[in-house]
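What follows is one structure encoded as structure tokens, with my remarks underneath.
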Amino acid sequence: MSYSLSVAADARAALASLDPWLQEETLDEIEKLLGDAAALIPRSGSDIVVHDFTRTAHGRVYYVFLTLRPAREAAVVDVLSLGCFVR
Amino acid sequence: MTGTQIFDRLAGDIKSSANRPPDEDALARLAEQMTAASITSGKMLRELRERMFPTNDEPSALDVAHTLRAEFQQWVAESQAVFERAQRLELAGRPIPGTRELGDLIGMTLAMLQVTPQDHLRSLRQARAGSTLSIEELRRELQLKRGG
């Protein structure tokens, strides 16, 4: 199934504020999720999917957190929010 | 209760015990147990993460979201204290199993806490009002922003 994205303004701004390489990594991660039907199944009691991933670069660890809302019938995934912490 | 107070007391004892053999093994064992306990409670909270992001502003859902957020904040504060002590021992040459895993759990939680329940509800409204695009269109949009 091929999904379109709807990106909330806040998530767009948060994405744009990341370093370019981390923007690309985040887009790759979202693309991977879009191709993995199991990853887009919300847990029971919610229609939100949460996802996080870690990257290491330049001696630092980057933690990225995403919330998504898949709407299967419309083949759209809302990218709702993004948080990032660097250690 | 994380054990950090007794850890600090024992660590202080070791420093000042000129006449007694230092019990560094006990300190390392305590750090290992504290680290394992923090990992267990952090994983338990992670199972509930979705509930921090309700799909409507119903008071009971928001109450759960705020309560869970407070739990996560408390866990981070306590686990950070454990992590720092385990790291200190590691730097002194005593590897403490789980230190890296705990550091990653703390990092992932701090990234998640960047998004408040209010931020999330606002994003839901924004997404409902927005148009859709493909991942490639989003990629190009970001590349254009960087270029221009």
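Every chain in the structure tokens has a letter given in the order shown (A, B, ...), and although residue numbers restart at 1 in each chain, ligands are simply numbered from 1 in the order shown.
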
Could you give me, as a Markdown table, every chain A residue with an atom at most 6 Å from chain B, plus its closest atom pair and distance in Å to one decimal, counting only C-alpha atoms, rows ordered by chain then number?
| residue | atom | partner | partner_atom | distance |
| --- | --- | --- | --- | --- |
| A:Ser4 | CA | B:Ser134 | CA | 4.9 |
| A:Leu5 | CA | B:Thr132 | CA | 5.2 |
| A:Ser6 | CA | B:Thr132 | CA | 4.5 |
| A:Val7 | CA | B:Ala127 | CA | 6.0 |
| A:Ala8 | CA | B:Ala127 | CA | 4.5 |
| A:Tyr63 | CA | B:Met108 | CA | 5.5 |
| A:Val64 | CA | B:Ala111 | CA | 6.0 |
| A:Phe65 | CA | B:Met112 | CA | 5.5 |
| A:Leu80 | CA | B:Ser123 | CA | 5.3 |
| A:Gly83 | CA | B:Ala111 | CA | 4.8 |
| A:Cys84 | CA | B:Ala111 | CA | 4.5 |
| A:Phe85 | CA | B:Ala111 | CA | 4.6 |

Query raised in the report: Hey, what's within 7 Å of Ala75 in chain A if we count only C-alpha atoms and toss same-chain stuff fewer than 4 positions away? As a list in words, please?
Result: Ser2, Tyr3, Ser4 and Ala71 of chain A

Requested in this report: Would you mind listing what lies within 12 Å of Ala37 in chain A as number ranges by chain, with only C-alpha atoms counted and same-chain residues fewer than 2 positions away left out?
Outcome: A: 1-3, 31-35, 39-42, 49, 70-72, 75, 77

Query raised in the report: Any idea what's packed within 10 Å of Ala31 in chain B, counting only C-alpha atoms, ignoring anything in its chain fewer than 3 positions away? Could you give it as a PyMOL selection string?
Result: chain B and resi 2-4+7+25-28+34-37+82-83+85-87+89+96-99

Put those residues in a file: C-alpha atoms, as a compact mmCIF listing (two decimals), in the first residue's frame.
# COMPACT_ATOMS: atom_id res chain seq x y z
CA THR B 2 16.71 4.47 43.45
CA GLY B 3 19.50 3.66 45.90
CA THR B 4 21.56 6.72 44.98
CA PHE B 7 25.46 4.63 46.84
CA ASP B 25 32.69 -4.61 44.69
CA ALA B 26 29.62 -3.83 46.78
CA LEU B 27 29.41 -0.40 45.19
CA ALA B 28 29.61 -1.89 41.69
CA MET B 34 20.16 0.27 40.40
CA THR B 35 20.79 0.37 36.65
CA ALA B 36 18.77 -2.81 36.06
CA ALA B 37 15.87 -1.49 38.17
CA VAL B 82 21.69 6.39 38.54
CA PHE B 83 23.26 6.74 35.08
CA ARG B 85 26.92 7.11 39.13
CA ALA B 86 27.22 4.05 36.88
CA GLN B 87 29.14 6.15 34.35
CA LEU B 89 32.35 3.79 38.00
CA ILE B 96 28.48 -1.66 34.86
CA PRO B 97 26.21 -3.78 32.63
CA GLY B 98 23.24 -1.88 31.24
CA THR B 99 24.76 1.61 31.52

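Take CA of Asp52 in chain A and CA of Gln74 in chain B: the distance between them is 20.3 Å.
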
Query raised in the report: Can you list every residue in chain A that DSSP puts in alpha helix (DSSP H), as a ChimeraX atom specification?
Result: /A:9-16,20-34

Could you name the residues that touch Phe72 in chain B at 9 Å or less, counting only C-alpha atoms, but leaving out those on the same chain fewer than 4 positions away, as a PDB file with N, CA and C atoms, in the first residue's frame?
ATOM      1  N   GLY B  42      11.743   1.983  33.356  1.00  0.00           N
ATOM      2  CA  GLY B  42      11.657   2.791  32.129  1.00  0.00           C
ATOM      3  C   GLY B  42      10.928   2.038  31.018  1.00  0.00           C
ATOM      4  N   LEU B  45       7.193   1.987  31.679  1.00  0.00           N
ATOM      5  CA  LEU B  45       6.535   3.246  31.295  1.00  0.00           C
ATOM      6  C   LEU B  45       6.424   3.370  29.775  1.00  0.00           C
ATOM      7  N   ARG B  46       7.475   2.924  29.051  1.00  0.00           N
ATOM      8  CA  ARG B  46       7.458   3.020  27.586  1.00  0.00           C
ATOM      9  C   ARG B  46       6.276   2.278  26.970  1.00  0.00           C
ATOM     10  N   THR B  67      -0.541  12.877  33.782  1.00  0.00           N
ATOM     11  CA  THR B  67      -0.020  12.033  34.868  1.00  0.00           C
ATOM     12  C   THR B  67       1.158  11.204  34.364  1.00  0.00           C
ATOM     13  N   LEU B  68       0.997  10.644  33.167  1.00  0.00           N
ATOM     14  CA  LEU B  68       2.054   9.823  32.584  1.00  0.00           C
ATOM     15  C   LEU B  68       3.302  10.666  32.289  1.00  0.00           C
ATOM     16  N   VAL B  76      13.034  10.107  34.531  1.00  0.00           N
ATOM     17  CA  VAL B  76      14.255  10.661  33.926  1.00  0.00           C
ATOM     18  C   VAL B  76      15.159  11.236  35.016  1.00  0.00           C
ATOM     19  N   ALA B  77      14.569  12.008  35.934  1.00  0.00           N
ATOM     20  CA  ALA B  77      15.396  12.636  36.977  1.00  0.00           C
ATOM     21  C   ALA B  77      16.105  11.567  37.812  1.00  0.00           C
ATOM     22  N   THR B 109      13.629   9.060  26.022  1.00  0.00           N
ATOM     23  CA  THR B 109      12.550   9.659  26.818  1.00  0.00           C
ATOM     24  C   THR B 109      12.633  11.184  26.755  1.00  0.00           C
ATOM     25  N   LEU B 110      13.844  11.720  26.821  1.00  0.00           N
ATOM     26  CA  LEU B 110      13.983  13.185  26.746  1.00  0.00           C
ATOM     27  C   LEU B 110      13.541  13.708  25.378  1.00  0.00           C
ATOM     28  N   LEU B 113       9.782  13.727  25.545  1.00  0.00           N
ATOM     29  CA  LEU B 113       9.231  14.773  26.416  1.00  0.00           C
ATOM     30  C   LEU B 113       9.291  16.157  25.781  1.00  0.00           C
TER      31      LEU B 113
END

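For the pair CA of Trp21 in chain A and CA of Gln80 in chain B, the interatomic distance is 28.2 Å.
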
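Distances to Ala70 in chain B were evaluated for B:Met52, B:Leu91, B:Ile6, B:Leu102 using only C-alpha atoms, and the minimum falls at B:Met52.
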
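Within 7 Å of Val86 in chain A, once only C-alpha atoms are used and residues closer than 3 positions along the same chain are dropped, the contacting residues are Arg60, Val61, Tyr62 and Tyr63 of chain A.
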
Requested write-out: C-alpha atoms of the selected residues, as a short mmCIF file (atom, residue, chain, number, x, y, z; two decimals), in the first residue's frame:
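What ended up in selection-v8.cif:
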data_model
loop_
_atom_site.label_atom_id
_atom_site.label_comp_id
_atom_site.auth_asym_id
_atom_site.auth_seq_id
_atom_site.Cartn_x
_atom_site.Cartn_y
_atom_site.Cartn_z
CA ARG A 60 27.30 12.55 19.75
CA VAL A 61 24.14 10.47 20.04
CA TYR A 62 20.95 11.83 18.46
CA TYR A 63 17.59 10.57 19.72
#

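Going from CA of Arg100 in chain B to CA of Ser81 in chain A covers 26.4 Å.
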